[in-house]
file upload-v4.cif (mmCIF, C-alpha atoms)
data_protein
#
loop_
_atom_site.group_PDB
_atom_site.id
_atom_site.type_symbol
_atom_site.label_atom_id
_atom_site.label_comp_id
_atom_site.auth_asym_id
_atom_site.auth_seq_id
_atom_site.Cartn_x
_atom_site.Cartn_y
_atom_site.Cartn_z
ATOM 1 C CA MET A 1 238.840 -110.327 72.794
ATOM 2 C CA ALA A 2 235.773 -108.049 72.652
ATOM 3 C CA SER A 3 236.345 -104.406 71.718
ATOM 4 C CA PRO A 4 235.579 -101.610 74.256
ATOM 5 C CA SER A 5 232.529 -100.556 72.247
ATOM 6 C CA ARG A 6 231.186 -104.102 72.394
ATOM 7 C CA ARG A 7 231.760 -104.310 76.146
ATOM 8 C CA LEU A 8 229.776 -101.099 76.684
ATOM 9 C CA GLN A 9 226.828 -102.736 74.981
ATOM 10 C CA THR A 10 226.577 -105.537 77.517
ATOM 11 C CA LYS A 11 223.227 -106.026 79.186
ATOM 12 C CA PRO A 12 224.301 -104.858 82.693
ATOM 13 C CA VAL A 13 225.654 -101.567 81.325
ATOM 14 C CA ILE A 14 222.546 -100.931 79.252
ATOM 15 C CA THR A 15 220.347 -101.760 82.240
ATOM 16 C CA CYS A 16 222.335 -99.342 84.410
ATOM 17 C CA LEU A 17 222.056 -96.544 81.849
ATOM 18 C CA LYS A 18 218.326 -97.156 81.530
ATOM 19 C CA SER A 19 217.928 -96.976 85.306
ATOM 20 C CA VAL A 20 219.806 -93.673 85.487
ATOM 21 C CA LEU A 21 217.775 -92.217 82.629
ATOM 22 C CA LEU A 22 214.501 -93.414 84.149
ATOM 23 C CA THR A 23 215.446 -91.861 87.502
ATOM 24 C CA TYR A 24 216.293 -88.546 85.845
ATOM 25 C CA THR A 25 213.082 -88.662 83.812
ATOM 26 C CA PHE A 26 211.039 -89.367 86.912
ATOM 27 C CA VAL A 27 212.559 -86.341 88.683
ATOM 28 C CA PHE A 28 211.834 -84.280 85.563
ATOM 29 C CA TRP A 29 208.240 -85.560 85.568
ATOM 30 C CA VAL A 30 207.821 -84.661 89.259
ATOM 31 C CA SER A 31 209.104 -81.131 88.551
ATOM 32 C CA GLY A 32 206.318 -80.852 85.963
ATOM 33 C CA ILE A 33 203.762 -81.818 88.598
ATOM 34 C CA VAL A 34 205.216 -79.149 90.908
ATOM 35 C CA LEU A 35 204.982 -76.490 88.184
ATOM 36 C CA LEU A 36 201.406 -77.513 87.462
ATOM 37 C CA ALA A 37 200.481 -77.359 91.157
ATOM 38 C CA VAL A 38 202.156 -73.953 91.636
ATOM 39 C CA GLY A 39 200.346 -72.594 88.580
ATOM 40 C CA ILE A 40 196.961 -73.761 89.845
ATOM 41 C CA TRP A 41 197.727 -72.488 93.356
ATOM 42 C CA GLY A 42 198.808 -69.114 91.948
ATOM 43 C CA ARG A 43 195.626 -68.829 89.907
ATOM 44 C CA VAL A 44 193.396 -69.713 92.868
ATOM 45 C CA SER A 45 195.188 -68.202 95.881
ATOM 46 C CA LEU A 46 197.342 -65.395 94.477
ATOM 47 C CA ALA A 47 194.954 -63.892 91.937
ATOM 48 C CA VAL A 48 194.487 -60.825 94.148
ATOM 49 C CA TYR A 49 198.239 -60.083 94.089
ATOM 50 C CA PHE A 50 198.532 -60.575 90.339
ATOM 51 C CA SER A 51 195.562 -58.246 89.790
ATOM 52 C CA LEU A 52 197.709 -55.356 91.048
ATOM 53 C CA LEU A 53 200.543 -56.089 88.650
ATOM 54 C CA ASP A 54 200.887 -55.416 84.957
ATOM 55 C CA GLU A 55 198.234 -57.089 82.780
ATOM 56 C CA LYS A 56 200.847 -59.472 81.396
ATOM 57 C CA ALA A 57 201.686 -60.670 84.909
ATOM 58 C CA THR A 58 198.176 -62.060 85.313
ATOM 59 C CA ASN A 59 199.101 -64.680 82.710
ATOM 60 C CA VAL A 60 201.935 -66.092 84.847
ATOM 61 C CA PRO A 61 199.784 -68.823 86.480
ATOM 62 C CA PHE A 62 198.543 -69.934 83.066
ATOM 63 C CA VAL A 63 202.134 -70.051 81.789
ATOM 64 C CA LEU A 64 203.111 -72.231 84.767
ATOM 65 C CA VAL A 65 200.152 -74.549 84.195
ATOM 66 C CA GLY A 66 201.033 -74.834 80.507
ATOM 67 C CA ALA A 67 204.717 -75.429 81.239
ATOM 68 C CA GLY A 68 203.875 -78.027 83.885
ATOM 69 C CA THR A 69 201.571 -79.858 81.500
ATOM 70 C CA VAL A 70 204.252 -79.914 78.780
ATOM 71 C CA VAL A 71 206.897 -81.183 81.223
ATOM 72 C CA VAL A 72 204.586 -83.936 82.523
ATOM 73 C CA LEU A 73 203.772 -85.075 78.982
ATOM 74 C CA LEU A 74 207.420 -84.924 77.960
ATOM 75 C CA GLY A 75 208.459 -86.850 81.071
ATOM 76 C CA THR A 76 205.887 -89.528 80.278
ATOM 77 C CA PHE A 77 207.208 -89.713 76.716
ATOM 78 C CA GLY A 78 210.766 -89.990 78.070
ATOM 79 C CA CYS A 79 209.834 -92.926 80.311
ATOM 80 C CA PHE A 80 208.135 -94.672 77.406
ATOM 81 C CA ALA A 81 211.108 -94.034 75.100
ATOM 82 C CA THR A 82 213.578 -95.330 77.690
ATOM 83 C CA CYS A 83 211.585 -98.493 78.368
ATOM 84 C CA ARG A 84 211.197 -99.150 74.645
ATOM 85 C CA GLY A 85 214.851 -98.389 73.965
ATOM 86 C CA SER A 86 213.877 -96.610 70.750
ATOM 87 C CA THR A 87 216.841 -94.667 69.358
ATOM 88 C CA TRP A 88 214.832 -92.019 67.509
ATOM 89 C CA MET A 89 212.547 -91.482 70.515
ATOM 90 C CA LEU A 90 215.523 -90.997 72.822
ATOM 91 C CA LYS A 91 217.123 -88.535 70.395
ATOM 92 C CA LEU A 92 213.881 -86.570 70.164
ATOM 93 C CA TYR A 93 213.568 -86.632 73.956
ATOM 94 C CA ALA A 94 217.133 -85.331 74.330
ATOM 95 C CA MET A 95 216.469 -82.470 71.893
ATOM 96 C CA LEU A 96 213.258 -81.475 73.668
ATOM 97 C CA LEU A 97 215.013 -81.581 77.044
ATOM 98 C CA SER A 98 217.744 -79.298 75.719
ATOM 99 C CA LEU A 99 215.132 -76.875 74.387
ATOM 100 C CA ILE A 100 213.281 -76.764 77.721
ATOM 101 C CA PHE A 101 216.552 -76.239 79.597
ATOM 102 C CA LEU A 102 217.352 -73.226 77.408
ATOM 103 C CA ILE A 103 213.853 -71.776 77.908
ATOM 104 C CA VAL A 104 214.086 -72.170 81.701
ATOM 105 C CA LEU A 105 217.564 -70.617 81.704
ATOM 106 C CA VAL A 106 216.379 -67.599 79.715
ATOM 107 C CA ALA A 107 213.302 -67.206 81.963
ATOM 108 C CA ALA A 108 215.489 -67.312 85.096
ATOM 109 C CA ILE A 109 217.856 -64.672 83.703
ATOM 110 C CA VAL A 110 214.977 -62.392 82.659
ATOM 111 C CA GLY A 111 213.325 -62.755 86.079
ATOM 112 C CA PHE A 112 216.580 -61.888 87.853
ATOM 113 C CA VAL A 113 217.334 -58.888 85.626
ATOM 114 C CA PHE A 114 213.835 -57.386 85.918
ATOM 115 C CA ARG A 115 213.173 -58.194 89.596
ATOM 116 C CA HIS A 116 213.443 -54.532 90.639
ATOM 117 C CA GLU A 117 211.108 -53.429 87.854
ATOM 118 C CA ILE A 118 208.544 -55.970 89.039
ATOM 119 C CA LYS A 119 208.711 -54.641 92.591
ATOM 120 C CA THR A 120 208.457 -51.026 91.395
ATOM 121 C CA ASN A 121 205.496 -51.881 89.181
ATOM 122 C CA PHE A 122 203.754 -53.600 92.080
ATOM 123 C CA GLU A 123 204.233 -50.628 94.424
ATOM 124 C CA SER A 124 203.141 -48.040 91.847
ATOM 125 C CA ASN A 125 199.980 -50.005 91.079
ATOM 126 C CA LEU A 126 199.269 -50.316 94.796
ATOM 127 C CA ASP A 127 199.655 -46.563 95.163
ATOM 128 C CA LEU A 128 197.192 -45.998 92.309
ATOM 129 C CA ALA A 129 194.790 -48.487 93.898
ATOM 130 C CA LEU A 130 194.868 -46.463 97.113
ATOM 131 C CA LYS A 131 194.087 -43.224 95.282
ATOM 132 C CA ASP A 132 191.162 -44.833 93.432
ATOM 133 C CA TYR A 133 189.961 -46.851 96.422
ATOM 134 C CA ASN A 134 186.175 -46.768 96.900
ATOM 135 C CA ALA A 135 185.393 -49.807 99.124
ATOM 136 C CA THR A 136 182.950 -51.183 96.541
ATOM 137 C CA ALA A 137 183.090 -54.238 94.328
ATOM 138 C CA ASP A 138 185.910 -52.670 92.317
ATOM 139 C CA ARG A 139 188.554 -55.323 91.609
ATOM 140 C CA HIS A 140 191.526 -53.245 92.745
ATOM 141 C CA SER A 141 189.773 -52.009 95.880
ATOM 142 C CA GLU A 142 188.956 -55.602 96.839
ATOM 143 C CA ALA A 143 192.606 -56.494 96.257
ATOM 144 C CA VAL A 144 193.720 -53.689 98.591
ATOM 145 C CA ASP A 145 191.374 -54.898 101.347
ATOM 146 C CA THR A 146 192.418 -58.524 100.946
ATOM 147 C CA ILE A 147 196.131 -57.712 101.074
ATOM 148 C CA GLN A 148 195.774 -55.476 104.144
ATOM 149 C CA ARG A 149 193.765 -58.092 106.040
ATOM 150 C CA THR A 150 195.979 -60.989 105.004
ATOM 151 C CA LEU A 151 199.378 -59.366 105.502
ATOM 152 C CA HIS A 152 198.349 -57.246 108.523
ATOM 153 C CA CYS A 153 199.573 -54.066 106.904
ATOM 154 C CA CYS A 154 198.184 -50.657 105.983
ATOM 155 C CA GLY A 155 199.103 -48.414 103.073
ATOM 156 C CA VAL A 156 202.069 -48.671 100.738
ATOM 157 C CA GLN A 157 204.681 -47.521 103.257
ATOM 158 C CA ASN A 158 202.457 -47.122 106.337
ATOM 159 C CA TYR A 159 198.933 -46.098 107.405
ATOM 160 C CA SER A 160 199.624 -42.392 106.812
ATOM 161 C CA ASP A 161 199.540 -43.028 103.039
ATOM 162 C CA TRP A 162 195.749 -43.072 103.321
ATOM 163 C CA GLU A 163 195.692 -39.449 104.500
ATOM 164 C CA ARG A 164 196.546 -38.367 100.958
ATOM 165 C CA THR A 165 193.555 -40.144 99.417
ATOM 166 C CA GLU A 166 190.059 -38.905 98.632
ATOM 167 C CA TYR A 167 188.565 -41.829 100.518
ATOM 168 C CA PHE A 168 190.213 -40.684 103.768
ATOM 169 C CA SER A 169 188.588 -37.238 103.565
ATOM 170 C CA GLN A 170 185.198 -38.963 103.418
ATOM 171 C CA LYS A 171 185.453 -42.037 105.633
ATOM 172 C CA GLY A 172 188.973 -42.186 106.991
ATOM 173 C CA ILE A 173 191.245 -45.234 106.813
ATOM 174 C CA PRO A 174 189.546 -48.418 105.483
ATOM 175 C CA HIS A 175 188.350 -51.001 108.012
ATOM 176 C CA SER A 176 190.624 -53.598 106.388
ATOM 177 C CA CYS A 177 193.511 -51.873 108.207
ATOM 178 C CA CYS A 178 191.979 -52.473 111.641
ATOM 179 C CA LYS A 179 193.647 -54.823 114.095
ATOM 180 C CA ASN A 180 190.278 -55.538 115.703
ATOM 181 C CA GLN A 181 187.173 -55.041 113.568
ATOM 182 C CA ASN A 182 184.982 -54.813 116.682
ATOM 183 C CA ASP A 183 187.037 -51.987 118.178
ATOM 184 C CA CYS A 184 187.535 -49.708 115.190
ATOM 185 C CA SER A 185 184.884 -47.040 114.626
ATOM 186 C CA GLU A 186 184.667 -44.629 111.708
ATOM 187 C CA GLY A 187 185.456 -41.777 114.086
ATOM 188 C CA ASP A 188 188.699 -43.489 115.102
ATOM 189 C CA LEU A 189 189.642 -44.071 111.483
ATOM 190 C CA LYS A 190 189.109 -40.403 110.574
ATOM 191 C CA ASP A 191 191.509 -39.246 113.288
ATOM 192 C CA PRO A 192 195.145 -40.174 112.464
ATOM 193 C CA ASN A 193 196.172 -40.004 116.131
ATOM 194 C CA LYS A 194 193.421 -42.395 117.238
ATOM 195 C CA ALA A 195 193.804 -44.552 114.141
ATOM 196 C CA ARG A 196 197.455 -45.152 114.963
ATOM 197 C CA LEU A 197 196.339 -47.218 117.960
ATOM 198 C CA LYS A 198 193.704 -49.131 116.007
ATOM 199 C CA VAL A 199 195.346 -50.062 112.694
ATOM 200 C CA PHE A 200 198.440 -51.922 111.584
ATOM 201 C CA VAL A 201 201.289 -49.411 111.773
ATOM 202 C CA ASP A 202 204.521 -51.423 111.724
ATOM 203 C CA LEU A 203 205.005 -51.249 107.950
ATOM 204 C CA GLY A 204 203.156 -51.211 104.676
ATOM 205 C CA TRP A 205 203.278 -53.950 102.081
ATOM 206 C CA SER A 206 206.312 -52.533 100.251
ATOM 207 C CA GLY A 207 209.892 -53.462 100.995
ATOM 208 C CA SER A 208 211.785 -56.699 101.349
ATOM 209 C CA ARG A 209 209.552 -58.021 104.145
ATOM 210 C CA LEU A 210 206.497 -58.268 101.859
ATOM 211 C CA THR A 211 207.474 -61.720 100.680
ATOM 212 C CA GLU A 212 208.319 -62.840 104.207
ATOM 213 C CA MET A 213 204.950 -61.684 105.577
ATOM 214 C CA TRP A 214 203.050 -63.216 102.695
ATOM 215 C CA LEU A 215 204.726 -66.597 103.254
ATOM 216 C CA ILE A 216 203.924 -66.493 106.969
ATOM 217 C CA HIS A 217 200.229 -65.956 106.302
ATOM 218 C CA GLN A 218 199.807 -68.778 103.767
#

call {"tool": "encode", "arguments": {"input": "upload-v4.cif", "output": "structure tokens"}}
result
Amino acid sequence: MASPSRRLQTKPVITCLKSVLLTYTFVFWVSGIVLLAVGIWGRVSLAVYFSLLDEKATNVPFVLVGAGTVVVLLGTFGCFATCRGSTWMLKLYAMLLSLIFLIVLVAAIVGFVFRHEIKTNFESNLDLALKDYNATADRHSEAVDTIQRTLHCCGVQNYSDWERTEYFSQKGIPHSCCKNQNDCSEGDLKDPNKARLKVFVDLGWSGSRLTEMWLIHQ
């Protein structure tokens, strides 16, 4: 009578294990594609938001692209190793998977722990961008205009934040705050009472609804 270890080595069992491993590897490979796509999308579409964060934050899209590329390559290697049935390849694949799992776990914990610091950093940089706003080709000023137009907001908390800026004393609230560009004169924007009827006044871009509004406008 065959021993249990011999029975586990039968062709149907090995085929089943290979199928499970291939399925898992395929899902892992698809997750790499998703990471790669998110990284590219972040670099192309969200560059303006990252420009108002800490310098290190601007590297996030590149990190995602790099991580996605590594996962795709590793997933491809895993499929090849599984199909070949190479013991040393499978062991190496298992070790690399464990390493990636630990890295992702650490990254998730760090992101959760420092989520409030990220929000605070974003708001403080936005406040500085308002104070230095000059409506020229300045990178931060362009970011302010883009965010206000895209998210239909004005100021950090609300439109009155602009009253404390040097730009307001010269030209009033920026046109990027206007609900209707054709019905928003400079005279209206210099008068807070008139501007209240012309610009976005519900809320600024800070607070928990920032993410919600940004998702709606994508």

call {"tool": "residues_near_point", "arguments": {"input": "upload-v4.cif", "point": "(209.1, -90.1, 76.5)", "cutoff": "12 Å", "atoms": "only C-alpha atoms", "output": "PyMOL selection string"}}
result
chain A and resi 21-22+24-26+28-29+70-97

call {"tool": "residues_around", "arguments": {"input": "upload-v4.cif", "residues": "segment 38-44 of chain A", "least_positions_apart": "2", "cutoff": "6 Å", "atoms": "all atoms listed in the file", "output": "list in words"}}
result
Leu35, Leu36, Leu46, Ala47, Pro61, Leu64 and Val65 of chain A

call {"tool": "write_last_selection", "arguments": {"input": "upload-v4.cif", "atoms": "C-alpha atoms", "output": "PDB file, keeping the file's coordinate frame"}}
result
ATOM      1  CA  LEU A  35     204.982 -76.490  88.184  1.00  0.00           C
ATOM      2  CA  LEU A  36     201.406 -77.513  87.462  1.00  0.00           C
ATOM      3  CA  LEU A  46     197.342 -65.395  94.477  1.00  0.00           C
ATOM      4  CA  ALA A  47     194.954 -63.892  91.937  1.00  0.00           C
ATOM      5  CA  PRO A  61     199.784 -68.823  86.480  1.00  0.00           C
ATOM      6  CA  LEU A  64     203.111 -72.231  84.767  1.00  0.00           C
ATOM      7  CA  VAL A  65     200.152 -74.549  84.195  1.00  0.00           C
TER       8      VAL A  65
END

call {"tool": "resolve_selection", "arguments": {"input": "upload-v4.cif", "expression": "the PyMOL selection byres ((chain A and resi 183-188) around 12)", "output": "ChimeraX atom specification"}}
result
/A:168-182,189-200

call {"tool": "closest_residue", "arguments": {"input": "upload-v4.cif", "among": "A:Gly155, A:Ile33, A:Arg149, A:Ile103", "to": "Tyr133 of chain A", "atoms": "only C-alpha atoms"}}
result
A:Gly155

call {"tool": "axis_aligned_box", "arguments": {"input": "upload-v4.cif", "around": "segment 127-143 of chain A", "padding_each_side": "6 Å", "output": "lines of an AutoDock Vina configuration file"}}
result
center_x = 191.3
center_y = -49.9
center_z = 95.4
size_x = 28.7
size_y = 25.3
size_z = 19.5

call {"tool": "atom_distance", "arguments": {"input": "upload-v4.cif", "atom1": "atom CA of Phe122 of chain A", "atom2": "atom CA of Ile147 of chain A"}}
result
12.5 Å

call {"tool": "atom_distance", "arguments": {"input": "upload-v4.cif", "atom1": "atom CA of Cys154 of chain A", "atom2": "atom CA of Val201 of chain A"}}
result
6.7 Å

call {"tool": "closest_residue", "arguments": {"input": "upload-v4.cif", "among": "A:Val144, A:Cys16, A:Leu128, A:Cys153", "to": "Thr165 of chain A", "atoms": "only C-alpha atoms"}}
result
A:Leu128

call {"tool": "atom_distance", "arguments": {"input": "upload-v4.cif", "atom1": "atom CA of Leu17 of chain A", "atom2": "atom CA of Val106 of chain A"}}
result
29.6 Å
